[in-house]
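Undergrad: One file is attached below, my_file_11.pdb, containing PDB, C-alpha atoms and all ligand atoms.
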MODEL        1
ATOM      1  CA  MET A   1     144.123 101.713 202.102
ATOM      2  CA  ASP A   2     143.370  98.518 200.210
ATOM      3  CA  ARG A   3     144.524  95.074 201.202
ATOM      4  CA  GLN A   4     146.961  93.033 199.144
ATOM      5  CA  ARG A   5     145.337  90.300 197.094
ATOM      6  CA  THR A   6     146.146  86.985 195.493
ATOM      7  CA  ILE A   7     144.002  84.145 194.089
ATOM      8  CA  LYS A   8     142.416  81.357 196.104
ATOM      9  CA  GLU A   9     143.076  78.508 193.684
ATOM     10  CA  SER A  10     145.454  77.789 190.835
ATOM     11  CA  VAL A  11     144.344  78.187 187.242
ATOM     12  CA  LYS A  12     145.814  77.247 183.874
ATOM     13  CA  VAL A  13     145.458  79.479 180.814
ATOM     14  CA  GLU A  14     146.854  78.717 177.374
ATOM     15  CA  GLY A  15     146.860  80.227 173.930
ATOM     16  CA  LYS A  16     148.955  81.739 171.183
ATOM     17  CA  GLY A  17     151.021  84.901 171.503
ATOM     18  CA  LEU A  18     150.213  87.981 169.416
ATOM     19  CA  HIS A  19     153.734  88.657 168.164
ATOM     20  CA  THR A  20     155.455  85.264 168.174
ATOM     21  CA  GLY A  21     152.371  83.253 167.195
ATOM     22  CA  CYS A  22     153.772  80.587 169.555
ATOM     23  CA  TYR A  23     151.636  78.623 171.950
ATOM     24  CA  THR A  24     152.178  79.310 175.665
ATOM     25  CA  LYS A  25     150.802  77.656 178.783
ATOM     26  CA  MET A  26     150.511  79.739 181.954
ATOM     27  CA  TYR A  27     149.852  78.360 185.416
ATOM     28  CA  LEU A  28     148.767  80.952 187.962
ATOM     29  CA  HIS A  29     149.211  80.221 191.669
ATOM     30  CA  SER A  30     148.591  82.148 194.872
ATOM     31  CA  ALA A  31     151.615  83.883 196.414
ATOM     32  CA  PRO A  32     152.253  85.188 199.936
ATOM     33  CA  GLU A  33     151.997  88.851 200.878
ATOM     34  CA  ASN A  34     154.686  91.182 199.544
ATOM     35  CA  THR A  35     155.768  88.714 196.824
ATOM     36  CA  GLY A  36     154.571  90.855 193.919
ATOM     37  CA  VAL A  37     153.734  89.305 190.567
ATOM     38  CA  LEU A  38     156.502  86.911 189.517
ATOM     39  CA  PHE A  39     156.746  85.162 186.151
ATOM     40  CA  ILE A  40     158.635  81.885 186.537
ATOM     41  CA  LYS A  41     160.340  80.559 183.434
ATOM     42  CA  ASN A  42     162.908  77.758 183.485
ATOM     43  CA  LYS A  43     163.197  78.282 187.265
ATOM     44  CA  VAL A  44     164.104  81.974 186.849
ATOM     45  CA  LYS A  45     161.781  84.357 188.697
ATOM     46  CA  ILE A  46     161.151  87.439 186.552
ATOM     47  CA  PRO A  47     159.466  90.213 188.580
ATOM     48  CA  ALA A  48     156.639  92.175 186.940
ATOM     49  CA  ASN A  49     158.506  95.369 187.710
ATOM     50  CA  TYR A  50     159.673  98.245 185.496
ATOM     51  CA  LYS A  51     163.306  97.525 186.416
ATOM     52  CA  PHE A  52     163.137  94.296 184.365
ATOM     53  CA  VAL A  53     161.641  95.831 181.209
ATOM     54  CA  VAL A  54     164.009  95.314 178.256
ATOM     55  CA  GLU A  55     161.815  96.128 175.230
ATOM     56  CA  THR A  56     158.918  98.525 174.701
ATOM     57  CA  SER A  57     158.401  98.422 170.941
ATOM     58  CA  ARG A  58     154.746  97.433 170.314
ATOM     59  CA  ARG A  59     154.707  95.368 173.527
ATOM     60  CA  VAL A  60     156.421  95.099 176.908
ATOM     61  CA  VAL A  61     159.099  92.449 177.383
ATOM     62  CA  LEU A  62     160.510  91.504 180.796
ATOM     63  CA  GLU A  63     163.850  89.764 181.180
ATOM     64  CA  LYS A  64     165.984  88.373 183.980
ATOM     65  CA  ASP A  65     169.050  86.125 183.760
ATOM     66  CA  GLY A  66     168.503  85.570 180.031
ATOM     67  CA  GLU A  67     164.864  84.475 180.389
ATOM     68  CA  LYS A  68     162.259  86.662 178.679
ATOM     69  CA  ILE A  69     158.490  86.914 178.754
ATOM     70  CA  SER A  70     156.747  89.114 176.172
ATOM     71  CA  THR A  71     153.496  91.029 175.841
ATOM     72  CA  VAL A  72     152.708  91.103 179.547
ATOM     73  CA  GLU A  73     150.692  94.336 179.521
ATOM     74  CA  HIS A  74     147.100  93.121 178.977
ATOM     75  CA  PHE A  75     147.379  90.422 181.615
ATOM     76  CA  LEU A  76     148.974  92.861 184.095
ATOM     77  CA  SER A  77     146.284  95.437 183.355
ATOM     78  CA  SER A  78     143.589  92.951 184.408
ATOM     79  CA  LEU A  79     145.533  92.137 187.595
ATOM     80  CA  TYR A  80     145.722  95.837 188.463
ATOM     81  CA  TYR A  81     141.973  96.220 188.021
ATOM     82  CA  LEU A  82     141.328  93.209 190.229
ATOM     83  CA  GLY A  83     143.885  94.384 192.800
ATOM     84  CA  ILE A  84     145.862  91.130 192.545
ATOM     85  CA  SER A  85     149.317  92.118 193.749
ATOM     86  CA  ASN A  86     150.839  88.741 194.671
ATOM     87  CA  LEU A  87     150.933  85.942 192.126
ATOM     88  CA  TYR A  88     153.223  83.216 190.818
ATOM     89  CA  VAL A  89     152.902  82.887 187.053
ATOM     90  CA  GLU A  90     154.661  79.796 185.711
ATOM     91  CA  VAL A  91     155.133  80.154 181.964
ATOM     92  CA  ASP A  92     155.868  77.427 179.471
ATOM     93  CA  GLY A  93     156.537  79.615 176.435
ATOM     94  CA  ASP A  94     157.825  83.042 175.466
ATOM     95  CA  GLU A  95     154.748  85.216 175.296
ATOM     96  CA  VAL A  96     151.587  85.732 177.337
ATOM     97  CA  PRO A  97     148.589  84.343 175.374
ATOM     98  CA  ILE A  98     146.772  87.115 173.538
ATOM     99  CA  LEU A  99     143.333  85.462 173.990
ATOM    100  CA  ASP A 100     140.867  87.875 172.330
ATOM    101  CA  GLY A 101     143.380  90.777 172.185
ATOM    102  CA  SER A 102     141.842  92.538 175.174
ATOM    103  CA  ALA A 103     141.868  92.068 178.954
ATOM    104  CA  PHE A 104     138.276  90.880 179.134
ATOM    105  CA  TYR A 105     138.943  87.146 179.401
ATOM    106  CA  TRP A 106     141.666  87.664 181.972
ATOM    107  CA  VAL A 107     139.137  89.499 184.134
ATOM    108  CA  GLU A 108     136.512  86.791 183.521
ATOM    109  CA  ILE A 109     138.965  84.007 184.430
ATOM    110  CA  LEU A 110     140.283  85.693 187.575
ATOM    111  CA  GLU A 111     137.546  87.803 189.128
ATOM    112  CA  ASP A 112     135.923  84.957 191.065
ATOM    113  CA  LEU A 113     139.302  83.747 192.351
ATOM    114  CA  VAL A 114     140.405  86.980 194.039
ATOM    115  CA  LYS A 115     141.343  86.615 197.702
ATOM    116  CA  ASP A 116     142.125  89.397 200.196
ATOM    117  CA  GLN A 117     145.289  89.100 202.277
ATOM    118  CA  ASP A 118     146.117  90.679 205.640
ATOM    119  CA  ASP A 119     148.770  93.241 204.711
ATOM    120  CA  LEU A 120     147.884  96.585 203.166
ATOM    121  CA  ILE A 121     149.090  97.425 199.692
ATOM    122  CA  ASN A 122     151.771 100.048 199.032
ATOM    123  CA  GLU A 123     150.371 103.207 197.534
ATOM    124  CA  LEU A 124     152.003 105.788 195.330
ATOM    125  CA  THR A 125     150.808 109.317 196.034
ATOM    126  CA  ILE A 126     152.236 112.592 194.752
ATOM    127  CA  GLU A 127     152.083 116.093 196.183
ATOM    128  CA  LYS A 128     152.605 118.098 193.002
ATOM    129  CA  PRO A 129     152.088 117.615 189.263
ATOM    130  CA  TYR A 130     154.719 115.943 187.078
ATOM    131  CA  SER A 131     155.052 115.814 183.320
ATOM    132  CA  PHE A 132     157.262 113.716 181.047
ATOM    133  CA  ARG A 133     157.782 113.902 177.289
ATOM    134  CA  VAL A 134     159.271 111.820 174.519
ATOM    135  CA  LYS A 135     159.081 113.622 171.146
ATOM    136  CA  ASN A 136     155.414 114.607 170.658
ATOM    137  CA  ALA A 137     154.062 112.324 173.351
ATOM    138  CA  GLU A 138     153.416 113.591 176.839
ATOM    139  CA  ILE A 139     152.190 112.147 180.112
ATOM    140  CA  LEU A 140     151.145 114.175 183.131
ATOM    141  CA  PHE A 141     150.399 113.130 186.708
ATOM    142  CA  PHE A 142     148.299 115.149 189.117
ATOM    143  CA  PRO A 143     147.647 114.543 192.819
ATOM    144  CA  SER A 144     144.339 112.758 193.330
ATOM    145  CA  SER A 145     142.767 110.508 195.935
ATOM    146  CA  ARG A 146     141.508 108.274 193.135
ATOM    147  CA  PHE A 147     143.189 106.661 190.118
ATOM    148  CA  GLN A 148     141.837 108.238 186.936
ATOM    149  CA  VAL A 149     143.103 108.197 183.357
ATOM    150  CA  LEU A 150     142.339 110.693 180.613
ATOM    151  CA  CYS A 151     143.865 109.593 177.325
ATOM    152  CA  THR A 152     143.975 111.099 173.882
ATOM    153  CA  ILE A 153     145.513 109.589 170.756
ATOM    154  CA  SER A 154     146.175 111.033 167.343
ATOM    155  CA  PHE A 155     147.422 109.305 164.186
ATOM    156  CA  PRO A 156     148.245 110.548 160.694
ATOM    157  CA  SER A 157     145.111 108.870 159.412
ATOM    158  CA  SER A 158     142.044 110.627 158.037
ATOM    159  CA  PHE A 159     139.866 108.196 159.955
ATOM    160  CA  LEU A 160     141.711 108.085 163.296
ATOM    161  CA  ARG A 161     142.725 111.715 163.650
ATOM    162  CA  TRP A 162     141.773 112.103 167.320
ATOM    163  CA  GLN A 163     140.155 109.920 169.947
ATOM    164  CA  THR A 164     139.771 110.769 173.640
ATOM    165  CA  PHE A 165     138.464 108.727 176.549
ATOM    166  CA  TYR A 166     138.272 109.485 180.259
ATOM    167  CA  LEU A 167     138.243 106.630 182.767
ATOM    168  CA  LYS A 168     136.954 108.447 185.837
ATOM    169  CA  ASP A 169     136.703 105.422 188.079
ATOM    170  CA  LEU A 170     138.532 102.091 187.919
ATOM    171  CA  LYS A 171     135.286 100.306 188.807
ATOM    172  CA  ASP A 172     134.170 100.948 185.187
ATOM    173  CA  TYR A 173     137.214  99.094 183.811
ATOM    174  CA  LYS A 174     135.495  95.780 183.109
ATOM    175  CA  THR A 175     132.773  97.263 180.926
ATOM    176  CA  GLU A 176     134.525 100.293 179.415
ATOM    177  CA  ILE A 177     138.183  99.293 179.039
ATOM    178  CA  ALA A 178     138.763  95.536 179.402
ATOM    179  CA  PRO A 179     136.956  94.523 176.148
ATOM    180  CA  ALA A 180     138.974  96.959 173.972
ATOM    181  CA  ARG A 181     141.297  94.975 171.704
ATOM    182  CA  THR A 182     144.753  95.710 170.472
ATOM    183  CA  PHE A 183     144.729  97.509 167.122
ATOM    184  CA  GLY A 184     146.908  98.092 164.106
ATOM    185  CA  PHE A 185     146.867  99.922 160.816
ATOM    186  CA  TYR A 186     146.371  98.117 157.543
ATOM    187  CA  TYR A 187     149.290  99.951 155.901
ATOM    188  CA  GLU A 188     151.799  98.813 158.567
ATOM    189  CA  VAL A 189     150.924  95.111 158.716
ATOM    190  CA  GLU A 190     153.451  94.018 156.097
ATOM    191  CA  ASP A 191     156.242  95.961 157.794
ATOM    192  CA  LEU A 192     155.387  94.527 161.220
ATOM    193  CA  ILE A 193     155.437  90.978 159.854
ATOM    194  CA  LYS A 194     158.878  91.642 158.345
ATOM    195  CA  LYS A 195     160.065  92.737 161.795
ATOM    196  CA  GLY A 196     158.850  89.438 163.234
ATOM    197  CA  LEU A 197     155.867  91.001 165.012
ATOM    198  CA  VAL A 198     152.112  90.311 164.921
ATOM    199  CA  SER A 199     152.488  86.777 163.542
ATOM    200  CA  GLY A 200     149.749  85.642 165.938
ATOM    201  CA  ALA A 201     147.357  88.480 165.044
ATOM    202  CA  ASP A 202     144.073  87.840 163.302
ATOM    203  CA  LEU A 203     140.739  89.573 162.913
ATOM    204  CA  ASN A 204     139.440  87.915 166.092
ATOM    205  CA  ASN A 205     142.152  89.229 168.417
ATOM    206  CA  ALA A 206     142.926  92.617 166.863
ATOM    207  CA  LEU A 207     141.074  95.577 165.429
ATOM    208  CA  LEU A 208     142.396  96.510 162.009
ATOM    209  CA  VAL A 209     142.198 100.151 160.994
ATOM    210  CA  GLY A 210     142.006 100.975 157.276
ATOM    211  CA  GLU A 211     142.225 104.364 155.554
ATOM    212  CA  GLY A 212     138.493 104.996 155.661
ATOM    213  CA  GLY A 213     137.386 103.040 158.726
ATOM    214  CA  TYR A 214     137.672  99.825 160.690
ATOM    215  CA  VAL A 215     138.235  96.694 158.589
ATOM    216  CA  ASN A 216     136.538  94.411 161.137
ATOM    217  CA  GLU A 217     133.684  95.176 163.495
ATOM    218  CA  PRO A 218     134.752  97.367 166.457
ATOM    219  CA  ARG A 219     133.483  96.697 169.987
ATOM    220  CA  PHE A 220     133.341 100.447 170.661
ATOM    221  CA  LYS A 221     133.450 103.359 168.200
ATOM    222  CA  ASP A 222     136.538 104.567 170.076
ATOM    223  CA  GLU A 223     138.049 101.136 170.770
ATOM    224  CA  PRO A 224     141.689 102.180 170.019
ATOM    225  CA  VAL A 225     141.879 104.908 172.693
ATOM    226  CA  ARG A 226     140.208 102.616 175.226
ATOM    227  CA  HIS A 227     142.841  99.995 174.438
ATOM    228  CA  LYS A 228     145.554 102.611 175.020
ATOM    229  CA  ILE A 229     144.174 103.090 178.542
ATOM    230  CA  LEU A 230     144.204  99.299 179.007
ATOM    231  CA  ASP A 231     147.891  99.234 178.004
ATOM    232  CA  LEU A 232     148.712 102.257 180.174
ATOM    233  CA  ILE A 233     147.223 100.599 183.257
ATOM    234  CA  GLY A 234     149.236  97.422 182.590
ATOM    235  CA  ASP A 235     152.401  99.482 182.225
ATOM    236  CA  MET A 236     151.720 101.543 185.352
ATOM    237  CA  SER A 237     151.181  98.346 187.340
ATOM    238  CA  LEU A 238     154.890  97.666 186.806
ATOM    239  CA  SER A 239     155.439 100.269 189.540
ATOM    240  CA  GLY A 240     154.329  97.553 191.972
ATOM    241  CA  LYS A 241     152.130 100.100 193.730
ATOM    242  CA  ARG A 242     148.519 101.215 193.947
ATOM    243  CA  LEU A 243     148.343 104.574 192.204
ATOM    244  CA  LYS A 244     146.546 107.448 193.883
ATOM    245  CA  LEU A 245     146.892 109.993 191.115
ATOM    246  CA  LYS A 246     145.291 111.271 187.944
ATOM    247  CA  VAL A 247     147.039 110.499 184.663
ATOM    248  CA  ILE A 248     146.691 112.526 181.488
ATOM    249  CA  SER A 249     148.202 110.819 178.465
ATOM    250  CA  ILE A 250     148.659 112.595 175.147
ATOM    251  CA  GLY A 251     149.789 109.962 172.695
ATOM    252  CA  SER A 252     152.016 108.239 175.253
ATOM    253  CA  GLY A 253     153.208 104.659 174.797
ATOM    254  CA  HIS A 254     155.138 101.922 176.570
ATOM    255  CA  LEU A 255     158.528 103.677 176.387
ATOM    256  CA  LEU A 256     157.274 106.918 177.910
ATOM    257  CA  HIS A 257     155.278 105.032 180.548
ATOM    258  CA  MET A 258     158.442 103.254 181.706
ATOM    259  CA  LYS A 259     160.415 106.495 181.781
ATOM    260  CA  ALA A 260     157.658 108.208 183.783
ATOM    261  CA  ILE A 261     157.342 105.380 186.321
ATOM    262  CA  SER A 262     161.066 105.190 186.938
ATOM    263  CA  CYS A 263     161.315 108.987 187.382
ATOM    264  CA  LEU A 264     158.325 109.072 189.729
ATOM    265  CA  LEU A 265     159.602 106.232 191.887
ATOM    266  CA  ARG A 266     163.184 107.431 192.020
ATOM    267  CA  GLY A 267     161.891 110.915 192.959
TER     268      GLY A 267
HETATM  269 ZN    ZN B 301     147.895  96.460 174.031
ENDMDL
END
Once more with this new file: its structure as structure tokens, please.
TA:
Amino acid sequence: MDRQRTIKESVKVEGKGLHTGCYTKMYLHSAPENTGVLFIKNKVKIPANYKFVVETSRRVVLEKDGEKISTVEHFLSSLYYLGISNLYVEVDGDEVPILDGSAFYWVEILEDLVKDQDDLINELTIEKPYSFRVKNAEILFFPSSRFQVLCTISFPSSFLRWQTFYLKDLKDYKTEIAPARTFGFYYEVEDLIKKGLVSGADLNNALLVGEGGYVNEPRFKDEPVRHKILDLIGDMSLSGKRLKLKVISIGSGHLLHMKAISCLLRG
């Protein structure tokens, strides 16, 4: 089993949010064993746990006692990769900074600060397969000694009909998954803006998909499906456990991830 981890010194990160466009400052501090990841906003401690998820449309929003923090998934994904399970995250703002739209800078900022703690981390293992569906999306879990994610996405777009990526080993996360940016379709941008989303998006922090191809330069030919794995790992980290299982995702998103985690943990 792995040890719990925190960081050895505090760090400040700031930037604009993807959806609100608002500027947020985050101060990360070490936390004792068995604390978990706690966002602290106006003195309210909001646990990074699926039980506090209140919105899953385009991003994950956590809320406790009227205090919300949005778009936590990329940051949490990087913490899962690094094994950081105990952290105080003071936030002065409503949304986690989007940085470059991926998890790469979070990993860069934090990887040299990781510190092992004495207690072992809680693991989630399963003895039989499970599957969960919402409409056409499906997610399956199989027993495995190692965390692996096979993901496939499909969109009604001539260009992005199917993409599949298999993360066989979490050690490849930094090179294969972390740099993959959030993405959106050209045709939906206007509608998203009307809904008050993506006001902080630009061509530096998001990959824009047009009818015939990418509008801006992709970092990988299959960047969208890699980003889906990035999101999935952030969502799964809201279980608060180290996952010893293989995940197969067929078009799954935040809502289905939350449903699957809560079913798995409640047995
Ligand atoms: Zn994302």
Undergrad: Kindly provide, as a PyMOL selection string, all nucleotide and amino acid residues lying within 9 Å of ligand ZN 301 (chain B), counting all atoms listed in the file.
TA: chain A and resi 58-59+71+73-74+101-103+180-183+227-232+234
Undergrad: To test your reading of the syntax: which residues would the PyMOL selection byres (((chain A and resi 235-252) around 7) and not hetatm) return for the file shown? Reply as a ChimeraX atom specification.
TA: /A:36,48-50,73,76-77,80,121-126,137-154,231-234,253-254,256-257,261
Undergrad: Report, in Å to a single decimal, how far apart atom CA of Asp94 of chain A and atom CA of Leu265 of chain A are.
TA: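 These two atoms are separated by 28.5 Å.
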Undergrad: If we count all atoms listed in the file, what is near segment 104-113 of chain A at a cut-off of 10 Å, once residues fewer than 5 positions away on the same chain are taken out, given as a ChimeraX atom specification?
TA: /A:6-13,28,30,74-79,81-84,98-99,173-175,177-181
Undergrad: Hey, what comes out of the PyMOL selection byres (((chain A and resi 15) around 7) and not hetatm) on this file? Could you write it as a PDB file with C-alpha atoms, in the coordinates of the input?
TA:
ATOM      1  CA  GLU A  14     146.854  78.717 177.374  1.00  0.00           C
ATOM      2  CA  LYS A  16     148.955  81.739 171.183  1.00  0.00           C
ATOM      3  CA  GLY A  17     151.021  84.901 171.503  1.00  0.00           C
ATOM      4  CA  TYR A  23     151.636  78.623 171.950  1.00  0.00           C
ATOM      5  CA  THR A  24     152.178  79.310 175.665  1.00  0.00           C
ATOM      6  CA  LYS A  25     150.802  77.656 178.783  1.00  0.00           C
ATOM      7  CA  PRO A  97     148.589  84.343 175.374  1.00  0.00           C
ATOM      8  CA  ILE A  98     146.772  87.115 173.538  1.00  0.00           C
ATOM      9  CA  LEU A  99     143.333  85.462 173.990  1.00  0.00           C
TER      10      LEU A  99
END
Undergrad: Ranking A:Tyr186, A:Val54, A:Ile40, A:Val198 by minimum distance to Asn216 of chain A and counting all atoms listed in the file, which one comes first?
TA: A:Tyr186
Undergrad: Calculated over all atoms listed in the file, which of the candidates A:Val225, A:Leu192, A:Glu63, A:Asn205 has the smallest distance to Lys51 of chain A?
TA: A:Glu63
Undergrad: So which one's closest to Ala201 of chain A, A:Pro218, A:Pro129, A:Pro156, A:Gly21? Using only C-alpha atoms, please.
TA: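 Nearest to Ala201 of chain A: A:Gly21.
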Undergrad: Could you state the separation of atom CA of Glu90 of chain A and atom CA of Leu38 of chain A in Å, given to one decimal place?
TA: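 Interatomic distance, atom CA of Glu90 of chain A to atom CA of Leu38 of chain A: 8.3 Å.
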Undergrad: Can you pull out every residue within 7 Å of Val53 of chain A, counting only C-alpha atoms, but drop anything in the same chain fewer than 4 positions away, and send it as a ChimeraX atom specification?
TA: /A:60-63
Undergrad: Calculate how many Å separate atom CA of Gly213 of chain A from atom CA of Glu188 of chain A, rounding to one decimal.
TA: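 That distance, rounded to one decimal, is 15.0 Å.
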Undergrad: For Asp92 of chain A, which residue among A:Phe52, A:Asn42, A:Ser57, A:Phe185 is the nearest when counting all atoms listed in the file?
TA: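 Checking each of A:Phe52, A:Asn42, A:Ser57, A:Phe185 against Asp92 of chain A, counting all atoms listed in the file, the winner is A:Asn42.
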